[in-house]
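**Student:** Just dropping this structure here.
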Amino acid sequence: MKVLEFHDSRDEDYLRLSFEGVFDSQAALESELAPWFHALEEYADGWMPDVTEGKRQRKYARPALWKALEEARDGNSTTLGLYRTRWPALDMTLLLWMPPRPPRLDVWLKVKPLSFFAESERCRNLVELVRAWASRYPVTYARAHSADDAELAGSPRFGRDEKTSRKDGFDKIYGVFWLNVFGPKLVESVGRERMLSTPAHRVEELPNGCVLLVTRPTAADFASDEARMAQARAHAHLRPDLDFDTLLRALRERSAMLAPVEPRFHPDVAPLLLRVVDRTASHARQRRIAELNAWQPPEPEEWRPSDCALPADVDDPERTLERYGDLAEHLVALLHTEVPSVFEETPESLTDVDFYFWREDFPKSRLRENIEAHAVPAIGAYLGEVLVRNLGGRWIPRQKLEEAQVLVGHRVWFPFVRARHYMASCQALLDFSLTRLYRAAERHRG
């Protein structure tokens, strides 16, 4: 069984559900949890888990569930993981707290992608699942919504900052999401009659005093103006001390932050920036694309006209060239596992190297003295070797590394100077990318 790695694929928006309820810790665990699993099996429409995990993974089946819960028990708690081997991706956790702690049943559910919940029937089944759980295991609070939008709203759990949530607990409704279940305490703080009259797609009082509220038929269209209007209306109704127009304006601003932005990157570095964007958290990706659209990589300055080149000043040019080759091999030795293309010494391998150093926050995560002593010489030599191999360049060796040049056409380039600029900071990895210098040299070689 190969479980889909939820966070291994390209980061994108997903549906996130959090459920905080209680259960009877005095009852036999199998009988107490049987309704929970029955509801899951009935209503998990297209995203039913097929793998369960306690200490180890097993195929989903009731006996495997009880075994997993038993083996994962650790003192006063036990945790069960539920996953899928097929798309859509699922990351689900059931956590039970046992005496002497107050008994609690917590559920965290993530299903990727969010677009999976564009169908009204699939969303209705998810609502019925949460309704069944909340009716059987009374909740303090539960909600399901876009993970990206919840991230922009503030705390993933409460729609507010963590400091406020720790201070105030569940004393107020700080946010209304696509699906909400309010526990009796919150219902009474708002007023049961007022809550039941909330303008929303579905409002239902559950037998245990909880109230289920769904703003729209589908979860995936949360950012549409119709959805934002519904969200703001419900929130303003439940919190008459808040202004509807202010709430709506904030929601529309969040929608604008998540609206797709077409990449228009500088062509020299577009392949690199597309990979940078892919590594950006999905809730911040569109803003990052807009920033990179506006940003222009500086024109490389590490060059001179060929008639201003510094002459070779070494006694044994061949030995010096061998040294440059050895330094380039140091970079290959450092990166070959993470960046296999480094063996090839191509323009594409430069982009792979750029991305690796950026992904690793290399200038921040390594000791500066090691970067200066080892990384900068190796990177400069490797860049020079790529210029020689692919653009017909020729080394002009110098005693000082920073003065060494590669002649390409009517310009000489200073790869070791570029490497020092490049390793100055994480932003410098983009400003002074190896790829950008190579493309500039390619354009000017004629």
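Ordered as shown in the structure tokens, chains take letters A, B, and onward, while each chain numbers its residues from 1 and ligands are numbered from 1 in the order shown.
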Just the residues within 7 Å of segment 23-39 of chain A, please, counting only C-alpha atoms, with nothing from its chain fewer than 6 positions along; format it as a list in words.
**Tutor:**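 Listed by chain and then number, they are Met98, Pro103, Arg104, Leu105, Leu129, Ala132, Trp133 and Tyr137 of chain A.
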**Student:** Can those selected residues be exported to a file as a PDB file, in the first residue's frame so that it contains all heavy atoms?
**Tutor:**
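The resulting file, again.pdb, is shown below:
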ATOM      1  N   MET A  98      -8.385  10.578  26.974  1.00  0.00           N
ATOM      2  CA  MET A  98      -8.993   9.694  27.978  1.00  0.00           C
ATOM      3  C   MET A  98      -8.785  10.263  29.390  1.00  0.00           C
ATOM      4  O   MET A  98      -7.912  11.109  29.597  1.00  0.00           O
ATOM      5  CB  MET A  98      -8.331   8.306  27.913  1.00  0.00           C
ATOM      6  CG  MET A  98      -8.118   7.758  26.515  1.00  0.00           C
ATOM      7  SD  MET A  98      -9.620   7.063  25.833  1.00  0.00           S
ATOM      8  CE  MET A  98      -8.945   6.119  24.454  1.00  0.00           C
ATOM      9  N   PRO A 103     -12.612  13.667  28.741  1.00  0.00           N
ATOM     10  CA  PRO A 103     -12.694  12.914  27.482  1.00  0.00           C
ATOM     11  C   PRO A 103     -13.056  13.822  26.308  1.00  0.00           C
ATOM     12  O   PRO A 103     -13.978  14.644  26.407  1.00  0.00           O
ATOM     13  CB  PRO A 103     -13.784  11.878  27.748  1.00  0.00           C
ATOM     14  CG  PRO A 103     -14.563  12.413  28.901  1.00  0.00           C
ATOM     15  CD  PRO A 103     -13.624  13.229  29.721  1.00  0.00           C
ATOM     16  N   ARG A 104     -12.316  13.687  25.233  1.00  0.00           N
ATOM     17  CA  ARG A 104     -12.542  14.543  24.075  1.00  0.00           C
ATOM     18  C   ARG A 104     -12.264  13.747  22.814  1.00  0.00           C
ATOM     19  O   ARG A 104     -11.374  12.889  22.784  1.00  0.00           O
ATOM     20  CB  ARG A 104     -11.632  15.764  24.136  1.00  0.00           C
ATOM     21  CG  ARG A 104     -12.188  16.976  23.387  1.00  0.00           C
ATOM     22  CD  ARG A 104     -11.381  18.214  23.666  1.00  0.00           C
ATOM     23  NE  ARG A 104     -10.196  18.274  22.805  1.00  0.00           N
ATOM     24  CZ  ARG A 104      -9.173  19.093  23.024  1.00  0.00           C
ATOM     25  NH1 ARG A 104      -9.160  19.857  24.080  1.00  0.00           N
ATOM     26  NH2 ARG A 104      -8.152  19.109  22.183  1.00  0.00           N
ATOM     27  N   LEU A 105     -13.016  14.054  21.775  1.00  0.00           N
ATOM     28  CA  LEU A 105     -12.864  13.432  20.470  1.00  0.00           C
ATOM     29  C   LEU A 105     -12.582  14.539  19.461  1.00  0.00           C
ATOM     30  O   LEU A 105     -13.453  15.362  19.177  1.00  0.00           O
ATOM     31  CB  LEU A 105     -14.135  12.659  20.101  1.00  0.00           C
ATOM     32  CG  LEU A 105     -14.166  11.886  18.783  1.00  0.00           C
ATOM     33  CD1 LEU A 105     -15.092  10.679  18.899  1.00  0.00           C
ATOM     34  CD2 LEU A 105     -14.646  12.769  17.622  1.00  0.00           C
ATOM     35  N   LEU A 129     -22.338  14.060   7.057  1.00  0.00           N
ATOM     36  CA  LEU A 129     -21.341  13.392   7.895  1.00  0.00           C
ATOM     37  C   LEU A 129     -21.092  14.198   9.166  1.00  0.00           C
ATOM     38  O   LEU A 129     -21.120  13.649  10.284  1.00  0.00           O
ATOM     39  CB  LEU A 129     -20.036  13.232   7.114  1.00  0.00           C
ATOM     40  CG  LEU A 129     -18.819  12.758   7.908  1.00  0.00           C
ATOM     41  CD1 LEU A 129     -19.066  11.379   8.493  1.00  0.00           C
ATOM     42  CD2 LEU A 129     -17.571  12.763   7.039  1.00  0.00           C
ATOM     43  N   ALA A 132     -24.039  14.056  11.485  1.00  0.00           N
ATOM     44  CA  ALA A 132     -24.128  12.790  12.217  1.00  0.00           C
ATOM     45  C   ALA A 132     -23.124  12.760  13.369  1.00  0.00           C
ATOM     46  O   ALA A 132     -23.451  12.334  14.486  1.00  0.00           O
ATOM     47  CB  ALA A 132     -23.887  11.623  11.267  1.00  0.00           C
ATOM     48  N   TRP A 133     -21.907  13.201  13.109  1.00  0.00           N
ATOM     49  CA  TRP A 133     -20.909  13.239  14.178  1.00  0.00           C
ATOM     50  C   TRP A 133     -21.322  14.179  15.306  1.00  0.00           C
ATOM     51  O   TRP A 133     -21.235  13.841  16.480  1.00  0.00           O
ATOM     52  CB  TRP A 133     -19.565  13.694  13.613  1.00  0.00           C
ATOM     53  CG  TRP A 133     -18.829  12.657  12.841  1.00  0.00           C
ATOM     54  CD1 TRP A 133     -19.117  11.316  12.758  1.00  0.00           C
ATOM     55  CD2 TRP A 133     -17.675  12.871  12.029  1.00  0.00           C
ATOM     56  NE1 TRP A 133     -18.206  10.678  11.949  1.00  0.00           N
ATOM     57  CE2 TRP A 133     -17.302  11.593  11.496  1.00  0.00           C
ATOM     58  CE3 TRP A 133     -16.912  13.982  11.702  1.00  0.00           C
ATOM     59  CZ2 TRP A 133     -16.206  11.446  10.645  1.00  0.00           C
ATOM     60  CZ3 TRP A 133     -15.821  13.839  10.860  1.00  0.00           C
ATOM     61  CH2 TRP A 133     -15.468  12.578  10.343  1.00  0.00           C
ATOM     62  N   TYR A 137     -21.661  13.126  19.032  1.00  0.00           N
ATOM     63  CA  TYR A 137     -20.540  13.553  19.874  1.00  0.00           C
ATOM     64  C   TYR A 137     -20.597  15.074  19.983  1.00  0.00           C
ATOM     65  O   TYR A 137     -20.026  15.776  19.132  1.00  0.00           O
ATOM     66  CB  TYR A 137     -19.203  13.101  19.258  1.00  0.00           C
ATOM     67  CG  TYR A 137     -19.190  11.644  18.879  1.00  0.00           C
ATOM     68  CD1 TYR A 137     -19.463  11.241  17.570  1.00  0.00           C
ATOM     69  CD2 TYR A 137     -18.933  10.656  19.829  1.00  0.00           C
ATOM     70  CE1 TYR A 137     -19.464   9.903  17.206  1.00  0.00           C
ATOM     71  CE2 TYR A 137     -18.942   9.306  19.481  1.00  0.00           C
ATOM     72  CZ  TYR A 137     -19.209   8.945  18.171  1.00  0.00           C
ATOM     73  OH  TYR A 137     -19.227   7.624  17.816  1.00  0.00           O
TER      74      TYR A 137
END
**Student:** Could you go through segment 45-110 of chain A and tell me which residues DSSP, when run on the backbone, assigns to strand (DSSP E or B), listing them as a ChimeraX atom specification?
**Tutor:** /A:51-53,57-59,74,77-83,89-97,104-110
**Student:** If we count only C-alpha atoms and set the cut-off at 12 Å, which residues sit around Asp315 of chain A, ignoring sequence neighbours fewer than 3 positions away in its own chain? Please answer as a list in words.
**Tutor:**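 So the residues in contact are Ala312, Glu318, Arg319, Thr320, Leu321, Pro397, Arg398 and Gln399 of chain A.
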**Student:** From a backbone DSSP assignment, name each residue in segment 49-268 of chain A labelled alpha helix (DSSP H), as a tab-separated table (two decimals) with N, CA and C atoms, in the first residue's frame.
**Tutor:**
chain	number	residue	atom	x	y	z
A	62	ARG	N	-12.79	-2.63	9.82
A	62	ARG	CA	-13.12	-2.39	11.23
A	62	ARG	C	-12.13	-3.07	12.18
A	63	PRO	N	-11.80	-4.36	12.00
A	63	PRO	CA	-10.83	-4.98	12.92
A	63	PRO	C	-9.49	-4.24	12.93
A	64	ALA	N	-9.07	-3.76	11.76
A	64	ALA	CA	-7.80	-3.02	11.68
A	64	ALA	C	-7.88	-1.71	12.45
A	65	LEU	N	-9.06	-1.09	12.45
A	65	LEU	CA	-9.24	0.17	13.17
A	65	LEU	C	-9.06	-0.04	14.67
A	66	TRP	N	-9.71	-1.07	15.21
A	66	TRP	CA	-9.60	-1.31	16.65
A	66	TRP	C	-8.17	-1.68	17.03
A	67	LYS	N	-7.52	-2.43	16.17
A	67	LYS	CA	-6.13	-2.81	16.43
A	67	LYS	C	-5.24	-1.56	16.44
A	68	ALA	N	-5.46	-0.69	15.46
A	68	ALA	CA	-4.65	0.52	15.36
A	68	ALA	C	-4.85	1.43	16.57
A	69	LEU	N	-6.10	1.59	17.00
A	69	LEU	CA	-6.38	2.43	18.16
A	69	LEU	C	-5.73	1.88	19.43
A	70	GLU	N	-5.74	0.58	19.54
A	70	GLU	CA	-5.16	-0.04	20.72
A	70	GLU	C	-3.64	0.11	20.74
A	71	GLU	N	-3.01	-0.15	19.62
A	71	GLU	CA	-1.55	-0.11	19.60
A	71	GLU	C	-1.01	1.32	19.66
A	120	SER	N	-22.51	19.86	-5.57
A	120	SER	CA	-23.40	20.09	-4.45
A	120	SER	C	-23.74	18.79	-3.70
A	121	GLU	N	-23.89	17.68	-4.42
A	121	GLU	CA	-24.23	16.42	-3.77
A	121	GLU	C	-23.08	15.93	-2.89
A	122	ARG	N	-21.88	16.06	-3.37
A	122	ARG	CA	-20.71	15.66	-2.57
A	122	ARG	C	-20.61	16.52	-1.31
A	123	CYS	N	-20.89	17.82	-1.47
A	123	CYS	CA	-20.86	18.72	-0.31
A	123	CYS	C	-21.99	18.40	0.66
A	124	ARG	N	-23.15	18.05	0.12
A	124	ARG	CA	-24.27	17.69	0.99
A	124	ARG	C	-23.92	16.46	1.83
A	125	ASN	N	-23.25	15.49	1.23
A	125	ASN	CA	-22.84	14.31	1.98
A	125	ASN	C	-21.85	14.65	3.09
A	126	LEU	N	-20.95	15.59	2.80
A	126	LEU	CA	-20.01	16.01	3.84
A	126	LEU	C	-20.75	16.68	4.99
A	127	VAL	N	-21.73	17.50	4.66
A	127	VAL	CA	-22.54	18.14	5.71
A	127	VAL	C	-23.27	17.09	6.53
A	128	GLU	N	-23.82	16.07	5.86
A	128	GLU	CA	-24.52	15.02	6.60
A	128	GLU	C	-23.57	14.25	7.51
A	129	LEU	N	-22.34	14.06	7.06
A	129	LEU	CA	-21.34	13.39	7.89
A	129	LEU	C	-21.09	14.20	9.17
A	130	VAL	N	-20.85	15.49	9.01
A	130	VAL	CA	-20.58	16.34	10.18
A	130	VAL	C	-21.82	16.41	11.08
A	131	ARG	N	-22.99	16.46	10.47
A	131	ARG	CA	-24.23	16.47	11.26
A	131	ARG	C	-24.34	15.21	12.10
A	132	ALA	N	-24.04	14.06	11.48
A	132	ALA	CA	-24.13	12.79	12.22
A	132	ALA	C	-23.12	12.76	13.37
A	133	TRP	N	-21.91	13.20	13.11
A	133	TRP	CA	-20.91	13.24	14.18
A	133	TRP	C	-21.32	14.18	15.31
A	134	ALA	N	-21.75	15.39	14.93
A	134	ALA	CA	-22.07	16.39	15.95
A	134	ALA	C	-23.30	16.00	16.76
A	135	SER	N	-24.22	15.24	16.14
A	135	SER	CA	-25.40	14.78	16.87
A	135	SER	C	-25.03	13.69	17.89
A	136	ARG	N	-24.02	12.91	17.57
A	136	ARG	CA	-23.63	11.80	18.44
A	136	ARG	C	-22.55	12.20	19.44
A	147	ALA	N	-8.77	25.80	3.13
A	147	ALA	CA	-7.60	25.98	3.99
A	147	ALA	C	-6.89	27.30	3.70
A	148	ASP	N	-6.81	27.67	2.42
A	148	ASP	CA	-6.14	28.92	2.07
A	148	ASP	C	-6.87	30.12	2.66
A	149	ASP	N	-8.18	30.13	2.53
A	149	ASP	CA	-8.94	31.27	3.03
A	149	ASP	C	-8.89	31.33	4.56
A	150	ALA	N	-8.96	30.17	5.20
A	150	ALA	CA	-8.85	30.14	6.66
A	150	ALA	C	-7.48	30.66	7.10
A	151	GLU	N	-6.45	30.37	6.31
A	151	GLU	CA	-5.11	30.85	6.64
A	151	GLU	C	-5.06	32.36	6.58
A	152	LEU	N	-5.69	32.94	5.57
A	152	LEU	CA	-5.72	34.39	5.47
A	152	LEU	C	-6.59	35.02	6.55
A	153	ALA	N	-7.60	34.28	7.01
A	153	ALA	CA	-8.51	34.82	8.03
A	153	ALA	C	-7.82	34.97	9.38
A	162	GLU	N	-3.92	33.61	17.59
A	162	GLU	CA	-3.78	32.62	18.66
A	162	GLU	C	-3.82	33.25	20.05
A	163	LYS	N	-3.26	34.46	20.17
A	163	LYS	CA	-3.27	35.12	21.48
A	163	LYS	C	-4.70	35.36	21.95
A	164	THR	N	-5.55	35.83	21.03
A	164	THR	CA	-6.95	36.07	21.38
A	164	THR	C	-7.65	34.76	21.70
A	165	SER	N	-7.38	33.71	20.91
A	165	SER	CA	-8.07	32.43	21.13
A	165	SER	C	-7.70	31.84	22.48
A	166	ARG	N	-6.44	32.00	22.88
A	166	ARG	CA	-6.05	31.48	24.20
A	166	ARG	C	-6.71	32.26	25.32
A	167	LYS	N	-6.86	33.57	25.11
A	167	LYS	CA	-7.41	34.43	26.16
A	167	LYS	C	-8.93	34.26	26.30
A	168	ASP	N	-9.62	34.20	25.17
A	168	ASP	CA	-11.07	34.25	25.20
A	168	ASP	C	-11.76	32.90	25.08
A	184	PRO	N	-23.47	24.37	22.37
A	184	PRO	CA	-24.51	25.03	23.16
A	184	PRO	C	-24.06	26.33	23.82
A	185	LYS	N	-22.82	26.39	24.27
A	185	LYS	CA	-22.33	27.62	24.92
A	185	LYS	C	-22.34	28.78	23.94
A	186	LEU	N	-21.85	28.56	22.72
A	186	LEU	CA	-21.86	29.62	21.72
A	186	LEU	C	-23.28	29.97	21.30
A	187	VAL	N	-24.12	28.96	21.19
A	187	VAL	CA	-25.51	29.20	20.81
A	187	VAL	C	-26.18	30.11	21.83
A	188	GLU	N	-25.97	29.81	23.11
A	188	GLU	CA	-26.60	30.63	24.15
A	188	GLU	C	-26.01	32.03	24.19
A	189	SER	N	-24.71	32.17	23.88
A	189	SER	CA	-24.11	33.51	23.90
A	189	SER	C	-24.69	34.40	22.81
A	190	VAL	N	-25.06	33.80	21.68
A	190	VAL	CA	-25.68	34.55	20.60
A	190	VAL	C	-27.18	34.71	20.84
A	192	ARG	N	-30.40	31.55	21.07
A	192	ARG	CA	-30.81	30.44	20.21
A	192	ARG	C	-31.74	30.90	19.09
A	193	GLU	N	-32.68	31.76	19.42
A	193	GLU	CA	-33.63	32.22	18.41
A	193	GLU	C	-32.92	33.00	17.32
A	194	ARG	N	-31.98	33.85	17.75
A	194	ARG	CA	-31.25	34.63	16.76
A	194	ARG	C	-30.42	33.71	15.86
A	195	MET	N	-29.75	32.75	16.46
A	195	MET	CA	-28.92	31.87	15.65
A	195	MET	C	-29.75	31.07	14.66
A	196	LEU	N	-30.88	30.58	15.08
A	196	LEU	CA	-31.71	29.77	14.19
A	196	LEU	C	-32.34	30.58	13.06
A	225	ASP	N	-18.37	36.22	-5.27
A	225	ASP	CA	-19.00	37.33	-4.56
A	225	ASP	C	-20.29	36.89	-3.89
A	226	GLU	N	-21.02	35.96	-4.51
A	226	GLU	CA	-22.24	35.45	-3.88
A	226	GLU	C	-21.92	34.76	-2.56
A	227	ALA	N	-20.84	33.97	-2.55
A	227	ALA	CA	-20.44	33.28	-1.32
A	227	ALA	C	-20.00	34.27	-0.26
A	228	ARG	N	-19.27	35.30	-0.66
A	228	ARG	CA	-18.81	36.30	0.30
A	228	ARG	C	-19.98	37.09	0.88
A	229	MET	N	-20.96	37.38	0.06
A	229	MET	CA	-22.15	38.07	0.56
A	229	MET	C	-22.85	37.20	1.60
A	230	ALA	N	-23.00	35.91	1.31
A	230	ALA	CA	-23.66	35.00	2.24
A	230	ALA	C	-22.87	34.90	3.54
A	231	GLN	N	-21.55	34.83	3.42
A	231	GLN	CA	-20.69	34.71	4.59
A	231	GLN	C	-20.80	35.96	5.47
A	232	ALA	N	-20.77	37.13	4.83
A	232	ALA	CA	-20.86	38.38	5.58
A	232	ALA	C	-22.23	38.56	6.21
A	233	ARG	N	-23.28	38.19	5.49
A	233	ARG	CA	-24.64	38.31	6.06
A	233	ARG	C	-24.79	37.46	7.31
A	234	ALA	N	-24.32	36.21	7.23
A	234	ALA	CA	-24.43	35.32	8.38
A	234	ALA	C	-23.61	35.85	9.56
A	235	HIS	N	-22.41	36.31	9.29
A	235	HIS	CA	-21.54	36.81	10.37
A	235	HIS	C	-22.14	38.05	11.02
A	236	ALA	N	-22.61	38.98	10.21
A	236	ALA	CA	-23.19	40.21	10.75
A	236	ALA	C	-24.46	39.92	11.55
A	237	HIS	N	-25.22	38.91	11.13
A	237	HIS	CA	-26.42	38.54	11.87
A	237	HIS	C	-26.06	37.97	13.24
A	238	LEU	N	-25.04	37.12	13.27
A	238	LEU	CA	-24.64	36.49	14.52
A	238	LEU	C	-23.87	37.45	15.43
A	244	PHE	N	-21.73	45.08	8.58
A	244	PHE	CA	-21.81	44.21	7.41
A	244	PHE	C	-20.85	44.65	6.32
A	245	ASP	N	-20.82	45.94	5.98
A	245	ASP	CA	-19.97	46.43	4.90
A	245	ASP	C	-18.50	46.20	5.20
A	246	THR	N	-18.11	46.36	6.46
A	246	THR	CA	-16.72	46.13	6.85
A	246	THR	C	-16.36	44.66	6.70
A	247	LEU	N	-17.26	43.79	7.16
A	247	LEU	CA	-17.03	42.36	7.02
A	247	LEU	C	-16.91	41.97	5.55
A	248	LEU	N	-17.82	42.47	4.72
A	248	LEU	CA	-17.82	42.11	3.30
A	248	LEU	C	-16.55	42.63	2.61
A	249	ARG	N	-16.13	43.84	2.96
A	249	ARG	CA	-14.93	44.39	2.36
A	249	ARG	C	-13.71	43.51	2.68
A	250	ALA	N	-13.61	43.06	3.92
A	250	ALA	CA	-12.49	42.20	4.31
A	250	ALA	C	-12.53	40.87	3.57
A	251	LEU	N	-13.72	40.30	3.40
A	251	LEU	CA	-13.85	39.04	2.67
A	251	LEU	C	-13.49	39.21	1.20
A	252	ARG	N	-13.92	40.31	0.60
A	252	ARG	CA	-13.58	40.56	-0.81
A	252	ARG	C	-12.08	40.76	-0.98
A	253	GLU	N	-11.46	41.39	-0.01
A	253	GLU	CA	-10.01	41.56	-0.07
A	253	GLU	C	-9.31	40.20	-0.04
A	254	ARG	N	-9.83	39.29	0.77
A	254	ARG	CA	-9.24	37.94	0.80
A	254	ARG	C	-9.43	37.25	-0.55
A	255	SER	N	-10.61	37.41	-1.14
A	255	SER	CA	-10.85	36.80	-2.45
A	255	SER	C	-9.87	37.35	-3.49
A	256	ALA	N	-9.63	38.66	-3.43
A	256	ALA	CA	-8.70	39.28	-4.38
A	256	ALA	C	-7.29	38.73	-4.19
A	257	MET	N	-6.90	38.45	-2.95
A	257	MET	CA	-5.57	37.93	-2.68
A	257	MET	C	-5.40	36.51	-3.21
A	258	LEU	N	-6.51	35.79	-3.35
A	258	LEU	CA	-6.46	34.41	-3.83
A	258	LEU	C	-6.79	34.28	-5.31
**Student:** Between A:Ser146, A:Ser197, A:Gln296, A:Ser349, which one has atoms that come closest to Trp178 of chain A, using only C-alpha atoms?
**Tutor:** A:Ser146
**Student:** Could you work out how far atom CA of Glu5 of chain A lies from atom CA of Leu109 of chain A, giving the answer in Å with one decimal?
**Tutor:**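 Distance reported for this atom pair: 14.3 Å.
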